[in-house]
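All remarks here apply to the structure that follows.
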Amino acid sequence: MTFLSKGTLTLCLLAASAAIVSALDLELVTEEETVQPFDLWDSGSATLLVSYEDDAGHENVVQLANEMKKQGKKIKEKNVRLAKTQKVKGAKSAKEDKDKEDDKDKDGNGKGPKAGKADDRNRRLRMLQEDDTIASGFSIIEIESDDLAAEASLLGSLPGVTAVEQDGIMHIESMEYQQKLRGGGGLADHIREIQDAIRATAGEFPDDEVEFSPNLEGEDAADALHGRRLAQETPYGISMVNASYVNSKPPVMQDPIKICVVDTGYDLGHPDLPNQEQHNVTGWHKVNADGSTPFDKWDIDGNGHGTHCAGTIGAIGTNDFGVTSVNPDPSKFQFIIGKGLSDSGSGSNANVIDAVRECVNAGAKVVSMSLGGTGSSSITEAFYKDQYDQGVLIIAAAGNSAADSWGYPAGYPQVMSVGSVMESGSLSYFSTRNTQVEITGPGHSVKSTHKNNGYTTMSGTSMACPHVAGVAALLWTHFPDCTNNQIRNAMIHSAYEPPTTDARNTPGWDKYYGWGTVNAGSAYDLLSKGCEVAGGVTDPPGGGELSDLANGGKDQLNVGCTLDEHCDQSNPCLGTTQCISGTCEPVAGSAPVCDDNLKCTIDTCDPSKPYNVLTDLCVFTPKACENGNMCDGINDCDEETGNCYEKEPPVDCDDSNACTTDTCNPSTGICSNTDLTCNDNNACTLNDTCDLLLGCIFEEPQQNCCGNAQCEAGETESSCPVDCGTSLTTSFDTSIANRVELGPIFDIKTKSKNVTIAGFDLNCNVPDGIESKVFVYSLPGGRYYDNGRWYKKQLWDLVHESSISCNGFGTPTPVTLAESVTVPKESKHAFFIYIYTDSAATGYWFYKSMYPPAGKTARYSTLDEDSYLEIQTGSGSYCISGFCAITSPRRPAITINYAVINDSPTTPPTINSMPSTPVPTYTPTTKPTPLPTTLEPTPVPTAMPTPAPTSEPTDMPSSAPSESLAPTPFEPVKVTVSSPATSSANIVYSFYFDVKGGTVDSVLTNIKVTTYASMQEIKVFAKRGTGKQSEQIPCDWQLVAETGNEVTGYWKKLYPNWTNGFEPVELFAGKKISLYVVSTGKMLAKYAGSSSLKYKPHFSTPSSSPLPGIKVSYASYGKRELFKSYPSHYSSRSFMGALDLETVAPGSTRSPTSAPTGQFSTNQIESVDAGTENTYLGIQFDVQATEAVILKKLDLHVAEGTHFVEVWYRTGSHKGSSPGCDHHNNWCNKWTKAVGGTIVSSGQDTLTSTPEVTIVMSAGDTFGLAVVFPQSGLVASTSTVDATDDVLTIKSSGSQINDYYGNEVNTIHDLDSTSITFKGKIEYDLVNSICALYSAQNGVLSDVDDVEPDVTEDNVTNPNGPVGDGDGAGGPMDGEEPMDGMGDGFDSLS
């Protein structure tokens, strides 16, 4: 038994017979003692699911529960019996368990799915007695316990109990809900949600204007939309699914079909929805023993989500107002509402099960579930399987993870999983992708009914699900004799293909669109030919159950066919399939084999190509090693290995002159060095000059000059407004202003003086007779947009609230702050202003703005300025609460009224260099060790300096100094070179940069880095010369410092605690060294822009420094893995930290050594020839190493013929050792694919080698290996003898592989209990040096990154600004906590 986690448990006990509920004679928890299931995570109460085999097992559970009650425990139990006995599967769903084939796009190209992100919050206690155990019912038990694992273990030990599971959390699948949960986290995804999700009032504003629509609620909601009567509207989704075609046909079903919506409730009384009196709408909600309703009643929807989904299915289409729906005639269907979720949008899995069960008991044929959670449940899957066997079709939202991940209940094969498309037909970016996605529906910006008699627009797979559920119900009213499986298959067979411009879609199934988008009209026409013609067999073969036909997703059509057409995948790249004995079987040789045996081509299959023979479909594309930029050198493909290599190095245009701009023409690779123009555009600063080492130098502003930030004698506000003004107005033309909002949001930036903001003049208009208020919020530090500050109201200070009477567009309306806001000099400050009235929901927009001018469209661009402050490009508010909407960049129509309160002199502009620190007395620790080099340094003279005279001359000449007198002892001078201060940065894992020596020799003695993780190990490597040709060549580098796994911190600039100190590195005058810093955690560097900046000078020491002219370059950045860099076309970063250097005595010895070399020795080990032999699909077995080795190849005994083989590996035993990994080969996603390829065997008596692998094992490691074939052919034995050669041991007692799971190795597969042993040889290299080990590791981690990630995804901001060095000694940058924007612990469905 394995137990995972804490908190709330729900025990489900599975029992037989018709679905009934029996109340036990147990003391029920009183209402005061109960808590809502979705709040149980932080309480002592829990809900458990316990399944059992028969009535005796259930009685044992009841007896134990009564004993617990007598011991004082609070407990209550509800028993649910299934209509038919079911099998309880393993820890994940049966669907995931059987996905063994490559997850391929429909063009046949294998693309393995990304594993869903683990969510510790959803890890639940789970115990399974035995896989595939018969179970006949389940109990839902709420219990209060201090030791849930012990309680569950006790329950699990009872005779007849088959499984114990902790209950899970469900939530609605709308983007609005998940945005709310996400709060401060996931900024890039969150902004994208806002930008793409909600498009309201589309007829009045362009598409890029409005991201959130105000909800239309209250009595006037149906009548008011921007002041005009809202006639009935047909949302685009209703037309997209072609519902009108079917609605024009007379239905066959006499009684209304019953449709269940399990959600947050139903706005009973909404004028556009069926009601209780006329249409018999009914429902269920949870009721406690005392009659209280913890979730509220089914006919109350405090959220609006359930009402929105119900409106898509069945909003009334005959009333000439509001919206219509898939089923517009309420006389043809009946709603049954299951309040499975609370008004917050979340709830327990147990409560959802209750809602579904009550709906089915009431006669529901279709269940729509726009909800999901991350955890699978074997008991819950058995429940849905039972509903399917009763003929119910359950349809659920796939999820909004925007990734390859799994969510439930959509992940169960008995549930139809629905993805989302936009109005264009293209996939919604948020739609979850996996092999269970079966069909898509309109889910992007869907308009429907909402709470409080309202309407709104929402996005998510939540919105797509009711479109499909509505179509299923509509079809069933016309074809009532069809089974649920036939209605399901008919929708799949008739789904239409998405836009062909989407490269992710080709005919047939894919993980993005499933089988296509639902089309009610085509499904109707198909079903008109007969239920079996449209959807396969009526009765499952062999007397089975309907659920035997439910494979779900990509496999749904494989079972139950009656015609070859049922098996048609419409994709020649996948070959032909035929219906044989009710199962779709592939036809041998019908799929093309695309392989030209060339390693420098990418072999694919294009199903859209015309062809005469199958191989005409093959496409052989030369591997692209060039990026089209001649400045990056010339790259080519190695025909032997297929790897890209550098044929000619990148162009170096650096002329070591700070007064030139060095560029390279990417088309020609020719350098140009253009003289730098030093001009700060201020007439009050003269003699702008350039220093060859330092760059531009500007003098202080002249006195008595307009523009020097001094309002001097003789200057007035009219003669010199930039110095003497008290207000700053944006350049704004009201005659062409066409952007309307509720108010502006923008940053200001002060210059050399402290400024107090007294108020604003706004360009606003509120219709007469409407009372309105103005709110002004301020944010010190500014940058309103970063890390989602624009929607985090708690970060802002409300500085003003008052009534306002706007003067109309074009006439300024003054707003005087009750208390002025002081903004320190040389700092930023943000303001958020919006105007609000009680009538805002009707669509009044009170404020006008303009698009920024060309060249100033980026946020924070300077729009207008004077000598004291500048107004920057901002945005606007579209939401009546403020803080819930943002638009594209805007020029605010505003005047800022201010006063200068500090008359301190202006400081001169700074340059990108840092002065030296005060010189301490310093004695070097150890003699520097020479680095690997390819550059021989120029010898330095070693003559001793001439001794100075010891005294002033006298009348008598002094004697010559004695030869025994020594020169003055050399005292080194220490210099720290620091990177420029910054308030924002980007997360990196490693970076390379050059340091070029100045005018004298020096030595690097330490390095300070900026960290962004609580625990990490850091290593520093160094080499002579530039690093750009050696980023992935470990043997060019020397390790000079490393730490253990140490505590660092968020935004901490620190000297790491080097385990063996920092080995000093010599830096010769005018010569370069390169540093490579790599961490297992996170460090910070600053985004610098173009890749052409890499290794170009960034900052330097000034000419006044004891070590003048030392230059530190911009950096190239890489991954966590050692010596694994990102591609050369990725943008550059700037190093954030400091370098400690010191002067060296003239004549110091310098004798660089050659680079270390890697040493390997080749060996092999053969298994012990014993035991009985047989052939298998594959084997998992363990190997152990006593020394560092690199596994290179496996020599196998294989049946004669051509085979495809894959080799996988994982750290630790193949049986697993972590909690939840026992007896599962990959429960913890530990497996990595080493190689896959075709091999040819001349017979099983000879050895056949796999393609070469590179698997690195350190001394003492145990690794699990898996060798797997699609068809049986691998020879293994029953030997129980280990094979060893004192370095490597092949362990016996491996595990037989009974199925081929290919790229799906990271799904769960139970191990076969029969032990078998690997037969063959393993070839390996013995690693004799650390350099060799690094080289091997670099090889095994090799991969290709085509597209650089968006820089905003790893952007973080220092909340305390750029001042300070964060070295832990106190000061503004010594923060300990993570920045806002790192998330609040919530995750969307993944």
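Labeling convention for the structure tokens: chains A, B, ... as they appear, residues from 1 per chain, ligands from 1 in order of appearance.
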
task: Would you list, as JSON, numbers by chain, the residues of segment 384-550 of chain A that end up in alpha helix (DSSP H) under DSSP run on this structure's backbone?
output: {"A": [384, 385, 386, 387, 388, 389, 461, 462, 463, 464, 465, 466, 467, 468, 469, 470, 471, 472, 473, 474, 475, 476, 477, 478, 484, 485, 486, 487, 488, 489, 490, 491, 492, 493, 494, 520, 521, 522, 523, 524, 525, 526, 527, 531, 532, 533, 534, 535]}

Taking 6 positions as the minimum chain separation for residues in the same chain, which residues sit within 10 Å of Phe620 of chain A when counting only C-alpha atoms? Answer as a PDB file with N, CA, C and O atoms, in the first residue's frame.
ATOM      1  N   CYS A 594       9.337   6.351 -44.476  1.00  0.00           N
ATOM      2  CA  CYS A 594      10.123   7.488 -44.964  1.00  0.00           C
ATOM      3  C   CYS A 594      11.468   7.520 -44.260  1.00  0.00           C
ATOM      4  O   CYS A 594      11.581   8.003 -43.127  1.00  0.00           O
ATOM      5  N   ASP A 595      12.476   6.986 -44.898  1.00  0.00           N
ATOM      6  CA  ASP A 595      13.824   6.987 -44.327  1.00  0.00           C
ATOM      7  C   ASP A 595      14.821   6.897 -45.474  1.00  0.00           C
ATOM      8  O   ASP A 595      14.891   5.889 -46.178  1.00  0.00           O
ATOM      9  N   ASP A 596      15.596   7.989 -45.685  1.00  0.00           N
ATOM     10  CA  ASP A 596      16.582   7.985 -46.767  1.00  0.00           C
ATOM     11  C   ASP A 596      17.975   7.586 -46.283  1.00  0.00           C
ATOM     12  O   ASP A 596      18.947   7.679 -47.020  1.00  0.00           O
ATOM     13  N   LEU A 598      19.972   9.044 -44.480  1.00  0.00           N
ATOM     14  CA  LEU A 598      20.918  10.164 -44.396  1.00  0.00           C
ATOM     15  C   LEU A 598      20.696  10.888 -43.081  1.00  0.00           C
ATOM     16  O   LEU A 598      19.559  11.243 -42.742  1.00  0.00           O
ATOM     17  N   CYS A 600      21.714  13.830 -42.265  1.00  0.00           N
ATOM     18  CA  CYS A 600      21.585  15.281 -42.386  1.00  0.00           C
ATOM     19  C   CYS A 600      20.295  15.687 -43.083  1.00  0.00           C
ATOM     20  O   CYS A 600      20.198  16.777 -43.650  1.00  0.00           O
ATOM     21  N   THR A 601      19.306  14.803 -43.079  1.00  0.00           N
ATOM     22  CA  THR A 601      17.979  15.175 -43.563  1.00  0.00           C
ATOM     23  C   THR A 601      16.958  14.845 -42.489  1.00  0.00           C
ATOM     24  O   THR A 601      17.169  13.937 -41.673  1.00  0.00           O
ATOM     25  N   ILE A 602      15.859  15.582 -42.490  1.00  0.00           N
ATOM     26  CA  ILE A 602      14.741  15.324 -41.596  1.00  0.00           C
ATOM     27  C   ILE A 602      13.657  14.653 -42.429  1.00  0.00           C
ATOM     28  O   ILE A 602      13.165  15.219 -43.401  1.00  0.00           O
ATOM     29  N   ASP A 603      13.303  13.435 -42.044  1.00  0.00           N
ATOM     30  CA  ASP A 603      12.401  12.617 -42.837  1.00  0.00           C
ATOM     31  C   ASP A 603      10.982  12.717 -42.278  1.00  0.00           C
ATOM     32  O   ASP A 603      10.738  12.358 -41.116  1.00  0.00           O
ATOM     33  N   THR A 604      10.037  13.190 -43.087  1.00  0.00           N
ATOM     34  CA  THR A 604       8.651  13.322 -42.668  1.00  0.00           C
ATOM     35  C   THR A 604       7.737  12.825 -43.766  1.00  0.00           C
ATOM     36  O   THR A 604       8.175  12.512 -44.875  1.00  0.00           O
ATOM     37  N   CYS A 605       6.457  12.761 -43.437  1.00  0.00           N
ATOM     38  CA  CYS A 605       5.444  12.340 -44.397  1.00  0.00           C
ATOM     39  C   CYS A 605       4.413  13.444 -44.522  1.00  0.00           C
ATOM     40  O   CYS A 605       3.928  13.961 -43.514  1.00  0.00           O
TER      41      CYS A 605
END

- request: Could you jot down the atom CA of Pro466 of chain A to atom CA of Tyr236 of chain A separation for me, Å, one decimal place?
  value: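 A separation of 13.9 Å between them.
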
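Candidate residues A:Gln414, A:Ala382, A:Glu771, A:Pro744 were compared for distance to Pro889 of chain A, and the nearest is A:Pro744, using only C-alpha atoms.
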
- request: May I ask for the distance between atom CA of Lys1124 of chain A and atom CA of Ile1018 of chain A, given in Å to one decimal place?
  value: 15.0 Å

Neighbours of Ser51 of chain A within 10 Å (only C-alpha atoms; same-chain residues fewer than 4 positions away dropped), as a PDB file with N, CA, C and O atoms, in the first residue's frame?
ATOM      1  N   LEU A  11     -13.771   8.678   1.060  1.00  0.00           N
ATOM      2  CA  LEU A  11     -13.716   7.235   0.829  1.00  0.00           C
ATOM      3  C   LEU A  11     -14.903   6.832  -0.018  1.00  0.00           C
ATOM      4  O   LEU A  11     -16.029   7.120   0.319  1.00  0.00           O
ATOM      5  N   CYS A  12     -14.634   6.165  -1.148  1.00  0.00           N
ATOM      6  CA  CYS A  12     -15.717   5.684  -2.002  1.00  0.00           C
ATOM      7  C   CYS A  12     -15.739   4.174  -1.934  1.00  0.00           C
ATOM      8  O   CYS A  12     -14.752   3.552  -2.230  1.00  0.00           O
ATOM      9  N   LEU A  13     -16.829   3.602  -1.519  1.00  0.00           N
ATOM     10  CA  LEU A  13     -16.966   2.155  -1.438  1.00  0.00           C
ATOM     11  C   LEU A  13     -17.897   1.703  -2.554  1.00  0.00           C
ATOM     12  O   LEU A  13     -19.019   2.162  -2.653  1.00  0.00           O
ATOM     13  N   LEU A  14     -17.397   0.815  -3.417  1.00  0.00           N
ATOM     14  CA  LEU A  14     -18.188   0.385  -4.578  1.00  0.00           C
ATOM     15  C   LEU A  14     -19.026  -0.855  -4.228  1.00  0.00           C
ATOM     16  O   LEU A  14     -18.507  -1.804  -3.691  1.00  0.00           O
ATOM     17  N   ALA A  15     -20.338  -0.856  -4.531  1.00  0.00           N
ATOM     18  CA  ALA A  15     -21.228  -1.986  -4.238  1.00  0.00           C
ATOM     19  C   ALA A  15     -22.097  -2.334  -5.439  1.00  0.00           C
ATOM     20  O   ALA A  15     -22.042  -1.666  -6.427  1.00  0.00           O
ATOM     21  N   GLY A  57     -18.232  -6.562   2.232  1.00  0.00           N
ATOM     22  CA  GLY A  57     -17.210  -5.536   2.368  1.00  0.00           C
ATOM     23  C   GLY A  57     -17.790  -4.224   2.841  1.00  0.00           C
ATOM     24  O   GLY A  57     -17.200  -3.520   3.674  1.00  0.00           O
ATOM     25  N   HIS A  58     -18.948  -3.875   2.325  1.00  0.00           N
ATOM     26  CA  HIS A  58     -19.598  -2.643   2.761  1.00  0.00           C
ATOM     27  C   HIS A  58     -19.972  -2.699   4.231  1.00  0.00           C
ATOM     28  O   HIS A  58     -19.786  -1.742   4.992  1.00  0.00           O
ATOM     29  N   VAL A  61     -17.091  -1.965   6.412  1.00  0.00           N
ATOM     30  CA  VAL A  61     -16.784  -0.534   6.485  1.00  0.00           C
ATOM     31  C   VAL A  61     -17.736   0.174   7.437  1.00  0.00           C
ATOM     32  O   VAL A  61     -17.344   1.000   8.249  1.00  0.00           O
ATOM     33  N   VAL A  80     -23.265   4.528  -2.231  1.00  0.00           N
ATOM     34  CA  VAL A  80     -23.750   4.574  -3.614  1.00  0.00           C
ATOM     35  C   VAL A  80     -23.514   3.211  -4.243  1.00  0.00           C
ATOM     36  O   VAL A  80     -22.382   2.735  -4.295  1.00  0.00           O
ATOM     37  N   VAL A  88     -11.923  -1.913 -10.658  1.00  0.00           N
ATOM     38  CA  VAL A  88     -11.167  -0.762 -10.174  1.00  0.00           C
ATOM     39  C   VAL A  88      -9.777  -0.839 -10.770  1.00  0.00           C
ATOM     40  O   VAL A  88      -9.036  -1.799 -10.554  1.00  0.00           O
ATOM     41  N   LEU A 128      -4.642   0.934  -3.230  1.00  0.00           N
ATOM     42  CA  LEU A 128      -5.300  -0.005  -4.136  1.00  0.00           C
ATOM     43  C   LEU A 128      -4.886  -1.412  -3.730  1.00  0.00           C
ATOM     44  O   LEU A 128      -3.701  -1.739  -3.696  1.00  0.00           O
ATOM     45  N   THR A 133      -9.643  -5.213  -9.671  1.00  0.00           N
ATOM     46  CA  THR A 133     -10.503  -5.879  -8.706  1.00  0.00           C
ATOM     47  C   THR A 133     -11.966  -5.555  -9.000  1.00  0.00           C
ATOM     48  O   THR A 133     -12.310  -4.423  -9.304  1.00  0.00           O
ATOM     49  N   ILE A 134     -12.825  -6.557  -8.890  1.00  0.00           N
ATOM     50  CA  ILE A 134     -14.250  -6.333  -9.078  1.00  0.00           C
ATOM     51  C   ILE A 134     -14.776  -5.503  -7.913  1.00  0.00           C
ATOM     52  O   ILE A 134     -14.529  -5.798  -6.750  1.00  0.00           O
ATOM     53  N   ALA A 135     -15.540  -4.458  -8.214  1.00  0.00           N
ATOM     54  CA  ALA A 135     -16.154  -3.622  -7.186  1.00  0.00           C
ATOM     55  C   ALA A 135     -17.585  -3.342  -7.593  1.00  0.00           C
ATOM     56  O   ALA A 135     -17.907  -3.280  -8.775  1.00  0.00           O
ATOM     57  N   SER A 136     -18.442  -3.177  -6.604  1.00  0.00           N
ATOM     58  CA  SER A 136     -19.852  -3.055  -6.914  1.00  0.00           C
ATOM     59  C   SER A 136     -20.521  -1.830  -6.306  1.00  0.00           C
ATOM     60  O   SER A 136     -21.723  -1.697  -6.421  1.00  0.00           O
ATOM     61  N   GLY A 137     -19.795  -0.994  -5.664  1.00  0.00           N
ATOM     62  CA  GLY A 137     -20.383   0.223  -5.128  1.00  0.00           C
ATOM     63  C   GLY A 137     -19.342   1.014  -4.370  1.00  0.00           C
ATOM     64  O   GLY A 137     -18.195   0.600  -4.249  1.00  0.00           O
ATOM     65  N   PHE A 138     -19.711   2.160  -3.858  1.00  0.00           N
ATOM     66  CA  PHE A 138     -18.760   2.931  -3.058  1.00  0.00           C
ATOM     67  C   PHE A 138     -19.487   3.813  -2.073  1.00  0.00           C
ATOM     68  O   PHE A 138     -20.644   4.183  -2.266  1.00  0.00           O
ATOM     69  N   SER A 139     -18.803   4.091  -0.993  1.00  0.00           N
ATOM     70  CA  SER A 139     -19.329   4.990   0.025  1.00  0.00           C
ATOM     71  C   SER A 139     -18.523   6.278   0.021  1.00  0.00           C
ATOM     72  O   SER A 139     -17.325   6.258  -0.212  1.00  0.00           O
ATOM     73  N   ILE A 140     -19.202   7.366   0.289  1.00  0.00           N
ATOM     74  CA  ILE A 140     -18.550   8.665   0.455  1.00  0.00           C
ATOM     75  C   ILE A 140     -18.561   8.955   1.947  1.00  0.00           C
ATOM     76  O   ILE A 140     -19.623   9.101   2.546  1.00  0.00           O
ATOM     77  N   GLY A 156      -8.480   0.244   4.492  1.00  0.00           N
ATOM     78  CA  GLY A 156      -8.001  -0.567   3.387  1.00  0.00           C
ATOM     79  C   GLY A 156      -7.698  -1.995   3.763  1.00  0.00           C
ATOM     80  O   GLY A 156      -7.649  -2.875   2.903  1.00  0.00           O
ATOM     81  N   GLY A 160     -12.848  -7.385   1.841  1.00  0.00           N
ATOM     82  CA  GLY A 160     -13.830  -6.920   0.878  1.00  0.00           C
ATOM     83  C   GLY A 160     -13.600  -5.511   0.366  1.00  0.00           C
ATOM     84  O   GLY A 160     -14.212  -5.111  -0.623  1.00  0.00           O
ATOM     85  N   VAL A 161     -12.720  -4.754   1.020  1.00  0.00           N
ATOM     86  CA  VAL A 161     -12.416  -3.394   0.547  1.00  0.00           C
ATOM     87  C   VAL A 161     -11.381  -3.487  -0.566  1.00  0.00           C
ATOM     88  O   VAL A 161     -10.355  -4.167  -0.427  1.00  0.00           O
ATOM     89  N   THR A 162     -11.652  -2.819  -1.679  1.00  0.00           N
ATOM     90  CA  THR A 162     -10.747  -2.924  -2.834  1.00  0.00           C
ATOM     91  C   THR A 162      -9.903  -1.680  -3.062  1.00  0.00           C
ATOM     92  O   THR A 162      -8.863  -1.756  -3.699  1.00  0.00           O
ATOM     93  N   ALA A 163     -10.331  -0.522  -2.585  1.00  0.00           N
ATOM     94  CA  ALA A 163      -9.545   0.697  -2.802  1.00  0.00           C
ATOM     95  C   ALA A 163      -9.955   1.765  -1.806  1.00  0.00           C
ATOM     96  O   ALA A 163     -11.109   1.813  -1.371  1.00  0.00           O
ATOM     97  N   VAL A 164      -8.992   2.600  -1.458  1.00  0.00           N
ATOM     98  CA  VAL A 164      -9.232   3.766  -0.606  1.00  0.00           C
ATOM     99  C   VAL A 164      -8.557   4.953  -1.274  1.00  0.00           C
ATOM    100  O   VAL A 164      -7.369   4.892  -1.592  1.00  0.00           O
ATOM    101  N   GLU A 165      -9.313   6.019  -1.482  1.00  0.00           N
ATOM    102  CA  GLU A 165      -8.750   7.182  -2.156  1.00  0.00           C
ATOM    103  C   GLU A 165      -9.215   8.467  -1.490  1.00  0.00           C
ATOM    104  O   GLU A 165     -10.346   8.562  -1.017  1.00  0.00           O
ATOM    105  N   SER A 378      -9.376   5.937  -9.554  1.00  0.00           N
ATOM    106  CA  SER A 378      -9.845   4.654 -10.075  1.00  0.00           C
ATOM    107  C   SER A 378     -11.306   4.422  -9.718  1.00  0.00           C
ATOM    108  O   SER A 378     -12.076   3.865 -10.505  1.00  0.00           O
ATOM    109  N   ILE A 379     -11.706   4.876  -8.548  1.00  0.00           N
ATOM    110  CA  ILE A 379     -13.095   4.696  -8.124  1.00  0.00           C
ATOM    111  C   ILE A 379     -14.020   5.579  -8.946  1.00  0.00           C
ATOM    112  O   ILE A 379     -15.081   5.159  -9.395  1.00  0.00           O
ATOM    113  N   THR A 380     -13.601   6.819  -9.153  1.00  0.00           N
ATOM    114  CA  THR A 380     -14.421   7.733  -9.952  1.00  0.00           C
ATOM    115  C   THR A 380     -14.557   7.232 -11.373  1.00  0.00           C
ATOM    116  O   THR A 380     -15.627   7.318 -11.990  1.00  0.00           O
ATOM    117  N   ALA A 382     -14.558   4.161 -12.325  1.00  0.00           N
ATOM    118  CA  ALA A 382     -15.523   3.063 -12.289  1.00  0.00           C
ATOM    119  C   ALA A 382     -16.945   3.612 -12.242  1.00  0.00           C
ATOM    120  O   ALA A 382     -17.869   3.044 -12.846  1.00  0.00           O
TER     121      ALA A 382
END

query: Neighbours of segment 1240-1254 of chain A within 8 Å (only C-alpha atoms; same-chain residues fewer than 3 positions away dropped), as a ChimeraX atom specification?
result: /A:1190-1203,1205,1234-1237,1275,1320,1336,1339-1340

- request: Choose the residue, out of A:Arg789, A:His1214, A:Lys1230, A:Arg1133, that has the smallest atom-to-atom separation from Gly1264 of chain A; count only C-alpha atoms.
  value: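 Closest to Gly1264 of chain A, using only C-alpha atoms: A:His1214.
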
field: All residues 9 Å or closer to Pro1108 of chain A, only C-alpha atoms, same chain fewer than 6 positions away omitted, as a PyMOL selection string
entry: chain A and resi 693+997-1000+1100-1102

statement: Atom pair atom CA of Asn60 of chain A + atom CA of Val352 of chain A, distance 25.9 Å

message: Set the distance at 10 Å and use only C-alpha atoms: which residues neighbour Thr685 of chain A once local chain neighbours fewer than 2 positions away are removed? I'd like the list as a VMD selection string.
response: chain A and resid 679 to 683 687 to 688 698 to 703 705 707 to 708 908
